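Enquirer: This is input.csv, which holds CSV, C-alpha atoms and all ligand atoms:
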chain,number,residue,atom,x,y,z
A,1,MET,CA,78.2,148.0,99.6
A,2,GLN,CA,81.7,149.0,100.0
A,3,ASN,CA,83.0,151.8,102.1
A,4,SER,CA,85.1,154.0,99.8
A,5,ASP,CA,88.5,153.1,101.4
A,6,LYS,CA,87.5,149.6,102.4
A,7,THR,CA,87.9,146.7,100.0
A,8,LYS,CA,86.1,143.3,100.3
A,9,ILE,CA,88.2,140.3,99.3
A,10,TRP,CA,87.1,136.7,98.9
A,11,ILE,CA,89.7,134.1,99.6
A,12,GLY,CA,89.5,130.3,98.9
A,13,LEU,CA,91.8,127.5,99.9
A,14,ASP,CA,91.6,123.7,99.2
A,15,ASP,CA,93.6,120.5,99.1
A,16,THR,CA,96.5,121.3,101.4
A,17,ASP,CA,96.2,118.3,103.6
A,18,THR,CA,98.0,115.0,103.2
A,19,ALA,CA,97.0,111.5,104.3
A,20,ASP,CA,99.3,111.5,107.3
A,21,TYR,CA,99.3,115.0,108.7
A,22,GLY,CA,97.9,118.5,108.3
A,23,CYS,CA,94.5,119.7,107.7
A,24,THR,CA,93.3,122.5,105.4
A,25,THR,CA,91.3,124.0,108.2
A,26,ALA,CA,94.4,124.6,110.3
A,27,THR,CA,96.4,125.8,107.4
A,28,PHE,CA,93.7,128.3,106.5
A,29,ASP,CA,93.5,129.5,110.1
A,30,ASN,CA,97.3,130.1,110.0
A,31,LEU,CA,96.8,132.3,107.0
A,32,LEU,CA,93.9,134.3,108.5
A,33,ASN,CA,95.7,134.8,111.8
A,34,SER,CA,98.7,136.3,110.0
A,35,LEU,CA,96.3,138.5,108.1
A,36,SER,CA,94.7,139.6,111.3
A,37,ASP,CA,98.1,140.5,112.7
A,38,LEU,CA,98.5,143.2,109.9
A,39,SER,CA,96.8,146.5,110.6
A,40,GLY,CA,93.6,147.4,108.7
A,41,PHE,CA,92.4,143.9,108.1
A,42,GLN,CA,89.1,142.5,109.4
A,43,ILE,CA,87.7,139.0,109.0
A,44,ILE,CA,84.0,139.2,108.0
A,45,GLU,CA,83.1,135.5,107.8
A,46,ARG,CA,84.8,132.2,107.5
A,47,ARG,CA,83.1,129.5,105.5
A,48,LEU,CA,83.5,125.7,105.2
A,49,VAL,CA,81.8,123.8,102.5
A,50,ARG,CA,81.5,120.0,101.8
A,51,LEU,CA,81.3,119.1,98.1
A,52,TRP,CA,80.2,116.2,95.9
A,53,PRO,CA,81.0,113.1,97.9
A,54,PHE,CA,82.0,111.1,94.8
A,55,ALA,CA,84.7,113.4,93.5
A,56,GLU,CA,87.7,111.4,92.5
A,57,ARG,CA,90.3,113.8,93.9
A,58,ARG,CA,88.6,114.4,97.2
A,59,THR,CA,90.2,115.0,100.6
A,60,ARG,CA,88.6,113.7,103.8
A,61,GLY,CA,85.0,114.8,103.8
A,62,ASN,CA,85.7,116.7,100.7
A,63,GLY,CA,85.7,120.0,102.5
A,64,ALA,CA,87.0,123.4,101.2
A,65,LEU,CA,87.4,126.8,102.9
A,66,SER,CA,86.8,130.4,102.1
A,67,CYS,CA,86.8,133.7,104.0
A,68,ILE,CA,85.5,137.2,103.3
A,69,ILE,CA,87.8,139.9,104.6
A,70,GLU,CA,87.8,143.6,104.5
A,71,CYS,CA,90.9,145.8,104.3
A,72,SER,CA,91.7,149.3,103.6
A,73,SER,CA,92.5,150.0,100.0
A,74,LYS,CA,96.1,151.0,100.7
A,75,SER,CA,96.7,147.6,102.4
A,76,ILE,CA,96.0,145.6,99.2
A,77,SER,CA,99.6,145.3,98.3
A,78,SER,CA,100.6,144.0,101.7
A,79,PHE,CA,97.7,141.5,101.4
A,80,GLU,CA,99.0,140.2,98.1
A,81,ASN,CA,102.6,140.0,99.5
A,82,LEU,CA,101.4,138.1,102.5
A,83,LEU,CA,99.4,135.6,100.4
A,84,SER,CA,102.4,134.9,98.1
A,85,SER,CA,104.8,134.3,101.0
A,86,PHE,CA,102.2,132.1,102.7
A,87,PHE,CA,101.9,130.0,99.6
A,88,SER,CA,105.6,129.6,99.1
A,89,ASP,CA,105.9,128.6,102.8
A,90,LEU,CA,103.2,126.1,102.2
A,91,GLU,CA,105.1,124.7,99.3
A,92,ASP,CA,108.2,124.3,101.5
A,93,SER,CA,106.2,122.6,104.2
A,94,LEU,CA,104.9,120.0,101.7
A,95,ARG,CA,108.3,119.3,100.2
A,96,ILE,CA,109.7,115.9,101.2
A,97,ASP,CA,113.3,115.1,100.0
A,98,GLY,CA,113.1,117.9,97.5
A,99,LYS,CA,109.7,116.8,96.0
A,100,ILE,CA,106.2,118.0,96.7
A,101,ASP,CA,103.9,115.4,98.1
A,102,SER,CA,102.1,114.3,94.9
A,103,LEU,CA,98.8,113.6,96.8
A,104,THR,CA,98.1,117.2,97.4
A,105,SER,CA,97.2,119.9,94.9
A,106,PRO,CA,96.9,123.1,97.0
A,107,ALA,CA,95.1,126.0,95.5
A,108,LEU,CA,94.8,129.5,96.9
A,109,ILE,CA,92.7,132.0,95.1
A,110,TYR,CA,91.3,135.4,95.8
A,111,SER,CA,89.0,137.9,94.2
A,112,PHE,CA,87.9,141.4,94.8
A,113,GLU,CA,84.4,140.6,93.5
A,114,GLU,CA,81.9,137.9,94.5
A,115,ILE,CA,82.2,135.0,92.1
A,116,ASN,CA,79.3,133.2,90.3
A,117,GLU,CA,77.3,131.0,92.6
A,118,ASP,CA,77.0,128.3,89.9
A,119,LEU,CA,80.6,127.4,90.7
A,120,TYR,CA,79.3,126.1,94.0
A,121,TRP,CA,76.3,124.3,92.7
A,122,GLU,CA,78.3,122.4,90.1
A,123,ALA,CA,80.8,121.2,92.7
A,124,VAL,CA,78.3,120.1,95.3
A,125,ARG,CA,76.2,118.0,92.9
A,126,GLN,CA,78.4,116.6,90.2
A,127,LYS,CA,81.8,115.9,88.8
A,128,VAL,CA,83.6,119.1,87.7
A,129,ASP,CA,85.9,119.2,84.7
A,130,VAL,CA,89.1,120.9,85.9
A,131,SER,CA,89.9,122.6,82.5
A,132,ASP,CA,86.3,124.0,82.4
A,133,ARG,CA,86.8,125.3,85.9
A,134,ILE,CA,90.0,127.1,85.0
A,135,LYS,CA,88.3,128.8,82.1
A,136,LYS,CA,85.5,130.1,84.4
A,137,LEU,CA,88.2,131.4,86.7
A,138,SER,CA,90.0,133.5,84.2
A,139,GLY,CA,90.9,136.9,85.6
A,140,ILE,CA,90.9,135.6,89.2
A,141,ASN,CA,94.1,135.5,91.1
A,142,LYS,CA,95.3,131.9,91.5
A,143,MET,CA,98.2,130.0,93.1
A,144,THR,CA,98.4,126.3,92.6
A,145,LEU,CA,100.9,123.5,93.2
A,146,ASN,CA,101.2,120.1,91.5
A,147,SER,CA,98.0,120.4,89.6
A,148,ASP,CA,94.9,122.5,89.3
A,149,TRP,CA,92.5,120.2,91.1
A,150,GLY,CA,92.4,122.3,94.3
A,151,LEU,CA,90.9,125.1,92.3
A,152,ILE,CA,87.5,123.3,92.1
A,153,GLY,CA,87.0,123.2,95.9
A,154,ALA,CA,88.6,126.6,96.6
A,155,SER,CA,86.4,128.4,94.0
A,156,ALA,CA,83.3,126.5,95.1
A,157,ALA,CA,83.9,127.6,98.7
A,158,MET,CA,84.2,131.2,97.6
A,159,ALA,CA,81.1,131.0,95.4
A,160,TRP,CA,78.8,129.5,98.1
A,161,LYS,CA,76.1,131.9,99.3
A,162,PRO,CA,74.9,131.0,102.8
A,163,HIS,CA,71.2,131.3,103.6
A,164,GLU,CA,69.0,131.3,106.7
A,165,GLU,CA,69.2,127.6,107.1
A,166,SER,CA,72.9,127.4,106.8
A,167,THR,CA,74.6,125.8,109.8
A,168,TRP,CA,77.7,126.7,111.8
A,169,GLU,CA,80.8,124.6,112.8
A,170,LEU,CA,83.3,125.6,115.5
A,171,ILE,CA,86.6,123.9,114.9
A,172,ALA,CA,89.0,123.7,117.8
A,173,TRP,CA,92.7,122.7,117.0
A,174,ARG,CA,95.1,120.8,119.3
A,175,HIS,CA,98.3,122.0,120.8
A,176,PRO,CA,101.0,120.8,118.5
A,177,SER,CA,102.6,118.7,121.3
A,178,ASN,CA,99.3,116.7,121.7
A,179,ILE,CA,99.0,115.8,118.0
A,180,GLY,CA,99.2,112.0,117.5
A,181,THR,CA,98.0,111.3,121.1
A,182,LYS,CA,94.5,110.2,122.1
A,183,ARG,CA,92.0,113.1,122.3
A,184,GLU,CA,90.7,113.7,125.8
A,185,ILE,CA,87.0,114.1,125.3
A,186,SER,CA,84.7,111.3,126.5
A,187,SER,CA,81.4,110.5,124.9
A,188,SER,CA,79.6,111.1,128.2
A,189,ILE,CA,80.8,114.7,128.2
A,190,VAL,CA,79.7,115.1,124.7
A,191,LYS,CA,76.3,113.8,125.7
A,192,GLU,CA,76.1,116.3,128.5
A,193,MET,CA,77.1,119.1,126.2
A,194,GLU,CA,74.3,118.2,123.8
A,195,ILE,CA,71.7,118.3,126.6
A,196,LYS,CA,73.0,121.7,127.8
A,197,HIS,CA,73.3,123.1,124.3
A,198,PRO,CA,70.2,121.9,122.4
A,199,GLU,CA,71.0,124.1,119.4
A,200,THR,CA,74.0,122.0,118.6
A,201,PHE,CA,73.5,118.8,116.6
A,202,VAL,CA,75.0,115.6,115.2
A,203,ASN,CA,77.4,115.5,118.1
A,204,ARG,CA,76.7,111.8,119.0
A,205,ASP,CA,75.4,108.6,117.5
A,206,PRO,CA,72.9,107.6,120.2
A,207,THR,CA,72.5,104.1,118.5
A,208,GLN,CA,76.1,103.4,119.3
A,209,GLU,CA,76.7,105.7,122.3
A,210,LYS,CA,79.5,107.2,120.4
A,211,GLY,CA,80.7,110.8,120.3
A,212,LEU,CA,81.1,112.2,116.7
A,213,ILE,CA,82.7,115.6,117.3
A,214,ALA,CA,86.3,114.4,117.5
A,215,PRO,CA,88.0,112.9,114.4
A,216,ARG,CA,89.9,109.6,114.7
A,217,THR,CA,92.7,110.6,112.4
A,218,PRO,CA,96.1,112.1,113.5
A,219,CYS,CA,95.1,115.5,112.2
A,220,PRO,CA,95.4,118.7,114.2
A,221,VAL,CA,91.6,119.1,114.8
A,222,LEU,CA,90.6,118.5,118.4
A,223,TYR,CA,86.8,118.6,117.7
A,224,GLY,CA,84.2,120.3,115.5
A,225,ILE,CA,80.8,121.3,117.0
A,226,ARG,CA,77.9,121.9,114.6
A,227,GLY,CA,74.9,124.0,115.5
A,228,SER,CA,72.2,126.2,114.1
A,229,THR,CA,73.7,129.5,115.3
A,230,SER,CA,77.2,130.8,115.8
A,231,GLN,CA,76.4,131.6,119.4
A,232,SER,CA,75.3,128.0,120.1
A,233,VAL,CA,78.5,126.4,119.0
A,234,LEU,CA,80.6,129.0,120.9
A,235,SER,CA,78.7,128.4,124.1
A,236,ALA,CA,79.1,124.7,123.7
A,237,HIS,CA,82.8,125.1,123.1
A,238,GLU,CA,83.3,127.3,126.1
A,239,TRP,CA,81.4,124.9,128.3
A,240,LEU,CA,83.6,122.0,127.0
A,241,GLN,CA,86.8,123.9,127.6
A,242,SER,CA,85.8,124.8,131.1
A,243,ASN,CA,85.5,121.1,132.0
A,244,LYS,CA,88.7,119.8,133.6
A,245,ASP,CA,88.5,116.4,131.9
A,246,VAL,CA,88.4,117.9,128.3
A,247,GLU,CA,91.7,118.5,126.4
A,248,LYS,CA,92.4,122.2,126.1
A,249,CYS,CA,92.6,123.5,122.6
A,250,GLN,CA,95.3,125.8,121.2
A,251,ARG,CA,92.9,127.9,119.1
A,252,PHE,CA,89.4,127.8,117.5
A,253,ALA,CA,87.4,129.4,114.8
A,254,ILE,CA,83.7,129.5,113.8
A,255,HIS,CA,82.7,128.7,110.3
A,256,ARG,CA,79.5,129.1,108.4
A,257,THR,CA,78.9,125.9,106.6
A,258,ASN,CA,76.7,124.1,104.0
A,259,GLN,CA,76.7,121.0,106.1
A,260,LEU,CA,73.4,119.3,106.9
A,261,SER,CA,71.8,121.4,104.2
A,262,ASP,CA,70.9,118.7,101.6
A,263,ASP,CA,72.4,121.0,98.9
A,264,HIS,CA,73.9,117.9,97.2
A,265,ILE,CA,70.4,116.5,96.5
A,266,ARG,CA,67.5,118.1,94.9
A,267,GLY,CA,64.6,117.1,97.3
A,268,PHE,CA,62.8,113.9,97.3
A,269,SER,CA,61.3,111.9,94.4
A,270,THR,CA,58.3,109.6,94.2
A,271,SER,CA,58.6,106.2,92.4
A,272,THR,CA,57.0,102.9,92.0
A,273,VAL,CA,59.0,99.8,92.9
A,274,LEU,CA,59.6,97.6,89.8
A,275,THR,CA,61.6,94.6,91.2
A,276,ASN,CA,62.1,92.7,94.4
A,277,PRO,CA,65.2,93.8,96.3
A,278,LYS,CA,68.4,92.0,95.4
A,279,GLU,CA,71.2,91.5,97.9
A,280,THR,CA,74.6,92.4,96.5
A,281,LYS,CA,78.1,92.0,97.8
A,282,GLY,CA,78.6,93.1,101.4
A,283,ALA,CA,74.9,92.8,102.3
A,284,HIS,CA,74.0,96.0,100.3
A,285,SER,CA,70.6,95.9,98.7
A,286,SER,CA,69.3,97.3,95.5
A,287,LEU,CA,66.1,97.4,93.4
A,288,GLU,CA,64.7,99.1,90.4
A,289,VAL,CA,62.1,101.8,90.5
A,290,THR,CA,60.3,104.0,88.0
A,291,PHE,CA,62.0,107.4,87.3
A,292,ARG,CA,61.2,110.1,84.8
A,293,GLY,CA,59.6,107.7,82.3
A,294,GLY,CA,62.4,105.2,82.7
A,295,SER,CA,63.9,103.3,85.6
A,296,LYS,CA,66.6,103.8,88.2
A,297,THR,CA,68.6,101.6,90.5
A,298,LEU,CA,68.3,102.5,94.2
A,299,VAL,CA,71.1,101.2,96.5
A,300,ALA,CA,71.0,100.9,100.3
A,301,PHE,CA,74.2,100.1,102.1
A,302,LYS,CA,74.4,97.7,104.9
A,303,GLU,CA,75.7,100.5,107.1
A,304,GLY,CA,72.5,102.4,106.2
A,305,GLY,CA,70.7,100.6,109.0
A,306,ASP,CA,67.0,101.3,108.7
A,307,VAL,CA,67.2,102.5,105.1
A,308,ASN,CA,68.6,99.1,104.2
A,309,ARG,CA,66.1,97.3,106.4
A,310,LEU,CA,63.1,99.2,104.8
A,311,LEU,CA,64.4,98.7,101.2
A,312,ARG,CA,64.5,95.0,101.8
A,313,LYS,CA,60.8,94.9,102.7
A,314,LEU,CA,59.7,96.5,99.4
A,315,ILE,CA,57.9,94.6,96.7
A,316,PRO,CA,56.8,95.6,93.2
A,317,GLY,CA,53.9,98.0,93.2
A,318,ASP,CA,54.9,99.8,96.4
A,319,ARG,CA,55.0,103.6,96.0
A,320,ILE,CA,58.0,105.2,97.8
A,321,ASN,CA,59.5,108.6,98.5
A,322,TRP,CA,63.3,108.7,98.4
A,323,LEU,CA,66.3,111.0,98.5
A,324,GLY,CA,69.7,110.0,97.4
A,325,LEU,CA,72.8,110.9,95.6
A,326,GLU,CA,73.6,109.8,92.0
A,327,SER,CA,76.8,107.9,91.9
A,328,PRO,CA,79.1,107.9,88.9
A,329,ASP,CA,77.6,104.6,87.7
A,330,GLY,CA,74.1,106.2,87.6
A,331,SER,CA,72.7,104.3,90.6
A,332,ILE,CA,71.2,106.3,93.5
A,333,HIS,CA,72.8,105.9,96.9
A,334,LEU,CA,69.8,106.3,99.2
A,335,GLU,CA,70.0,108.7,102.1
A,336,ARG,CA,66.3,108.7,103.2
A,337,LEU,CA,63.4,106.5,102.3
A,338,ARG,CA,59.6,106.4,103.1
A,339,VAL,CA,56.7,104.2,102.0
A,340,GLU,CA,53.9,106.4,100.5
A,341,SER,CA,51.6,103.4,99.9
A,342,SER,CA,52.1,99.7,99.7
A,343,VAL,CA,50.5,96.8,98.0
A,344,PRO,CA,49.2,93.9,100.1
A,345,ARG,CA,51.7,91.2,100.9
A,346,VAL,CA,50.6,87.7,100.2
A,347,THR,CA,51.2,85.6,103.3
A,348,GLY,CA,49.8,82.3,102.0
A,349,ARG,CA,46.7,80.2,102.0
A,350,PRO,CA,44.4,80.0,105.0
A,351,ILE,CA,45.4,77.7,107.9
A,352,CYS,CA,43.2,74.9,109.4
A,353,CYS,CA,43.7,72.0,111.7
A,354,ASN,CA,47.2,71.6,113.4
A,355,ASN,CA,48.4,74.8,111.9
A,356,LYS,CA,48.4,73.2,108.5
A,357,THR,CA,47.9,75.2,105.3
A,358,MET,CA,44.8,74.4,103.3
A,359,ARG,CA,45.6,73.1,99.9
A,360,SER,CA,44.1,73.6,96.5
A,361,ALA,CA,42.7,70.4,95.1
A,362,GLY,CA,43.3,71.6,91.5
A,363,VAL,CA,42.2,74.2,88.9
A,364,ASN,CA,38.8,75.7,89.7
A,365,GLN,CA,38.7,73.6,92.9
A,366,PRO,CA,38.2,75.0,96.4
A,367,LEU,CA,40.8,74.8,99.1
A,368,ARG,CA,40.6,71.8,101.4
A,369,CYS,CA,42.0,70.8,104.8
A,370,VAL,CA,43.6,67.4,104.6
A,371,SER,CA,42.7,66.6,108.2
A,372,CYS,CA,39.0,67.6,108.6
A,373,GLN,CA,38.2,67.9,104.9
A,374,ARG,CA,36.7,71.4,105.4
A,375,GLN,CA,36.4,73.3,102.1
A,376,VAL,CA,36.6,77.1,101.4
A,377,ASP,CA,36.7,79.1,98.2
A,378,LYS,CA,40.1,79.5,96.9
A,379,HIS,CA,41.8,82.7,98.2
A,380,TRP,CA,45.1,84.1,99.5
A,381,LEU,CA,45.7,85.8,102.8
A,382,PHE,CA,47.3,89.3,102.8
A,383,GLU,CA,48.9,91.6,105.3
A,384,ASP,CA,50.2,95.2,105.2
A,385,ILE,CA,53.9,95.9,105.0
A,386,ASN,CA,55.4,95.6,108.5
A,387,LEU,CA,57.2,98.8,109.5
A,388,ASN,CA,57.6,97.8,113.2
A,389,ASN,CA,61.1,98.1,114.6
A,390,LEU,CA,62.0,100.9,112.2
A,391,ALA,CA,62.8,104.3,113.7
A,392,LEU,CA,60.3,106.4,111.6
A,393,THR,CA,60.1,110.2,111.5
A,394,ASN,CA,56.9,111.1,109.7
A,395,GLY,CA,57.4,107.8,107.9
A,396,TRP,CA,61.0,108.5,106.9
A,397,VAL,CA,64.0,106.5,107.8
A,398,GLU,CA,67.6,107.7,107.7
A,399,PRO,CA,71.0,106.1,108.5
A,400,SER,CA,72.3,106.4,112.0
A,401,PRO,CA,74.3,109.7,112.7
A,402,SER,CA,77.7,108.1,112.4
A,403,GLN,CA,76.8,106.8,108.9
A,404,ARG,CA,75.3,110.0,107.6
A,405,ARG,CA,77.2,112.3,105.2
A,406,HIS,CA,78.0,115.7,106.6
A,407,LEU,CA,75.8,117.2,103.9
A,408,SER,CA,72.6,115.4,104.8
A,409,ARG,CA,70.0,117.3,106.8
A,410,PRO,CA,68.9,115.1,109.7
A,411,LEU,CA,65.2,114.4,109.9
A,412,SER,CA,65.2,115.9,113.3
A,413,LEU,CA,65.8,119.3,111.7
A,414,GLY,CA,62.7,119.0,109.5
A,415,GLU,CA,61.1,117.0,106.7
A,416,PRO,CA,62.7,116.8,103.2
A,417,ILE,CA,61.0,118.8,100.5
A,418,ARG,CA,59.5,117.3,97.3
A,419,ILE,CA,60.9,118.3,93.9
B,1,ZN,ZN,40.8,71.3,109.2
Would you write the structure of this file as C-alpha cells?

Expert:
Amino acid sequence: MQNSDKTKIWIGLDDTDTADYGCTTATFDNLLNSLSDLSGFQIIERRLVRLWPFAERRTRGNGALSCIIECSSKSISSFENLLSSFFSDLEDSLRIDGKIDSLTSPALIYSFEEINEDLYWEAVRQKVDVSDRIKKLSGINKMTLNSDWGLIGASAAMAWKPHEESTWELIAWRHPSNIGTKREISSSIVKEMEIKHPETFVNRDPTQEKGLIAPRTPCPVLYGIRGSTSQSVLSAHEWLQSNKDVEKCQRFAIHRTNQLSDDHIRGFSTSTVLTNPKETKGAHSSLEVTFRGGSKTLVAFKEGGDVNRLLRKLIPGDRINWLGLESPDGSIHLERLRVESSVPRVTGRPICCNNKTMRSAGVNQPLRCVSCQRQVDKHWLFEDINLNNLALTNGWVEPSPSQRRHLSRPLSLGEPIRI
C-alpha cells in the first residue's frame, strides 16, 4: 500500500569489501545515512542476508544487504543522483594505483517494486549463474564495477521476505581511529550480557568460553548482537555500551536477517546407514546412506565435534535423521544428526574364567572355555549404541556455536522439521 505521494524503494548492495579493509555493512550504512540527511526520506527496514556458503565468489560469511526506504515522489531524482554519486565515490575508494581492486565486484541496485522472492531462494540454496541472474534483473536499475557477480547477492537481499521467525542483528561499528587495534570487549562481559538479555543468542561458545560477537578481522565492525526481537538486540547493545570496560562504538544499526533460519536447508531427511564410517584427510569422517532410491555421502568435519563423534559410532542398518548442506561435489556436509533407531552392536563372544573369551571349537560346535571346559551354545553378545558423552537435544547433536554457520538454527531455538 502506497501513500499517493510516497514511493517505496528497495535497495540492494553487495561485494564492496576487500580482504584487508572495509565491510559492506559499513559502506551500506554510509549510504543510508546520507539518504537520511536528505529531507523526505525514511528508512523502513534494513536487511542482512547470508547466502549459499559454497558460492565461489563469496565474501566473508557471504552476506548481502538491502533496505526498504520511503520517499516523497518529488524526491526520486535526488535519490537517484545520490546513489550515482555514492557509487562513483565507492569506485574511487576502491582504486589503488589507478586500478580497481580486482577482488571486489560491487553491485548497487534499486527497484520501485518488490522483486521476485525466487531470487532469494536460488541464492541461499545453490550456485547461481550470473548471466541468468542478469536476465532476471532486466528493467531493474543496476550499477556494477569489475564484474556482475555482486548482483547475485544484492538482488537476493532485496528479494528476501522476512517472516515471524526471522532474527535480528545489531551491528555496531568502530571509531575509525580504533580500526586495526584490539577490540575492547571481554568474553566475561559477553557472558553477563547474555544472562541479562536472554532473547539474544549465539553470543558465546560455552564449550570454549569464547565470545562470538566481535569479529577477529581488521574490519570496521565492533560487534554484532543477534536476537529474536529488535528490542532485545537494542537493549543488549545499550547495556554493553554503558559498561566502562567496553569499547565505545561510533554508530550502529539494526538489521532484520535470515540468520539462524535454516533457509539454506530443506528440513531433515531420514536414511539408513549403508557403510561403516571412513576417516578421511584431516580426521573428517564420511559414510554412505540411502537417499531417494539411491545413496548419498554424508560428511562430518573434525570441527563438527559431536556430529563427527556420533557419525563415527554408526554402523550399517542404523536409521538416522540428518540435516546438511549439499556441497558442489554432491556430498552432504552435516549440520545436525540424530539416531532414530540402531541395530545391536556385536561386542564379541561370552567371557569365562580370567576374563578370557570363550572360543568356538568349530562349525556346529558349542563355545568352550579353555580353562574350565564349560560349554555354551554358540552366540554373540550385543549392546546398544553408546550415546553417552554426547550433548543431545531431543536426540540431536549439532556443532559447537563457534563452528556453526550463521544460517543454521540452533537446537536451543527449536527442533528441526522433517521434509
Ligand atoms: Zn571357564

Enquirer: Between atom CA of A:Tyr120 and atom CA of A:Arg204, what distance in Å does the model show, to one decimal?

Expert: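 Between atom CA of A:Tyr120 and atom CA of A:Arg204 the gap is 28.9 Å.
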
Enquirer: Using only C-alpha atoms and all ligand atoms, which protein or nucleic acid residues are at most 7 Å from ligand ZN 1 (chain B), as a ChimeraX atom specification?

Expert: /A:352-353,369-374

Enquirer: Which one is closest to A:Arg409: A:Glu209, A:Asp132, A:Glu45, A:Asp263? Count all atoms listed in the file.

Expert: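 Ranking A:Glu209, A:Asp132, A:Glu45, A:Asp263 by distance to A:Arg409, first place goes to A:Asp263.
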
Enquirer: Counting all atoms listed in the file, write as a PyMOL selection string all protein and nucleic acid residues lying at most 9 Å from (81.1, 114.0, 96.7) in the file's frame.

Expert: chain A and resi 50-56+58+61-62+123-127+264+325+327

Enquirer: Could you check which of A:Val190, A:Ser285, A:Asn364, A:Thr347 is closest to A:Trp239, using all atoms listed in the file?

Expert: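 Nearest to A:Trp239: A:Val190.
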
Enquirer: May I ask which of the residues A:Ala283, A:Val376, A:Leu314, A:Ile417 is the closest one to A:Phe301, counting all atoms listed in the file?

Expert: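 Comparing A:Ala283, A:Val376, A:Leu314, A:Ile417 against A:Phe301, the winner is A:Ala283.
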
Enquirer: Quick one: residues within 6 Å of A:Ser331, only C-alpha atoms, excluding same-chain residues fewer than 3 positions away - as an MDAnalysis selection string?

Expert: chainID A and resid 297:298 326:327

Enquirer: Just the residues within 7 Å of A:Ser261, please, counting only C-alpha atoms, with nothing from its chain fewer than 3 positions along; format it as number ranges by chain.

Expert: A: 166, 258, 407-409

Enquirer: List as an MDAnalysis selection string the protein and nucleic acid residues near stretch 23-30 of chain A, meaning an atom at most 8 Å away when only C-alpha atoms are counted, but skip any in the same chain fewer than 6 places from it.

Expert: chainID A and resid 13:17 64:65 173 219:221 253

Enquirer: Point out the residue among A:Ile69, A:Ala156, A:Leu234, A:Ile195 with the least atom-to-atom distance to A:Phe112, counting all atoms listed in the file.

Expert: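 Comparing A:Ile69, A:Ala156, A:Leu234, A:Ile195 against A:Phe112, the winner is A:Ile69.
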
Enquirer: Skipping near chain neighbours, those fewer than 6 positions away, what residues fall within 9 Å of A:Gly40 using only C-alpha atoms, listed as a list in words?

Expert: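 Listed by chain and then number, they are Glu70, Cys71, Ser72 and Ser75 of chain A.
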
Enquirer: Under the rule of at most 9 Å, produce a per-residue listing of stretch 143-221 of chain A near stretch 389-405 of chain A: chain, number, name, the closest pair of atoms, and the distance in Å, as JSON lines, using only C-alpha atoms.

Expert:
{"residue": "A:Val202", "atom": "CA", "partner": "A:Pro401", "partner_atom": "CA", "distance": 6.4}
{"residue": "A:Asn203", "atom": "CA", "partner": "A:Pro401", "partner_atom": "CA", "distance": 8.5}
{"residue": "A:Arg204", "atom": "CA", "partner": "A:Pro401", "partner_atom": "CA", "distance": 7.1}
{"residue": "A:Asp205", "atom": "CA", "partner": "A:Pro401", "partner_atom": "CA", "distance": 5.0}
{"residue": "A:Pro206", "atom": "CA", "partner": "A:Pro401", "partner_atom": "CA", "distance": 7.9}
{"residue": "A:Thr207", "atom": "CA", "partner": "A:Ser400", "partner_atom": "CA", "distance": 6.9}
{"residue": "A:Gln208", "atom": "CA", "partner": "A:Ser402", "partner_atom": "CA", "distance": 8.5}
{"residue": "A:Lys210", "atom": "CA", "partner": "A:Ser402", "partner_atom": "CA", "distance": 8.2}
{"residue": "A:Gly211", "atom": "CA", "partner": "A:Ser402", "partner_atom": "CA", "distance": 8.9}
{"residue": "A:Leu212", "atom": "CA", "partner": "A:Ser402", "partner_atom": "CA", "distance": 6.8}

Enquirer: Identify the residues within 6 Å of coordinate (67.1, 109.0, 103.2) (same frame as the file), considering all atoms listed in the file, and give the answer as number ranges by chain.

Expert: A: 323, 334-337, 398

Enquirer: Which residue, A:Asp97, A:Glu169, A:Asp148, A:Glu383, has the smallest gap to A:Val346 when you use only C-alpha atoms?

Expert: A:Glu383

Enquirer: For each of A:Gln250, A:Ser34, A:Ser155, A:Ser102, take the minimum atom-to-atom distance to A:Glu122, counting all atoms listed in the file, then give the residue where this is smallest.

Expert: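 Smallest distance to A:Glu122 is found for A:Ser155.
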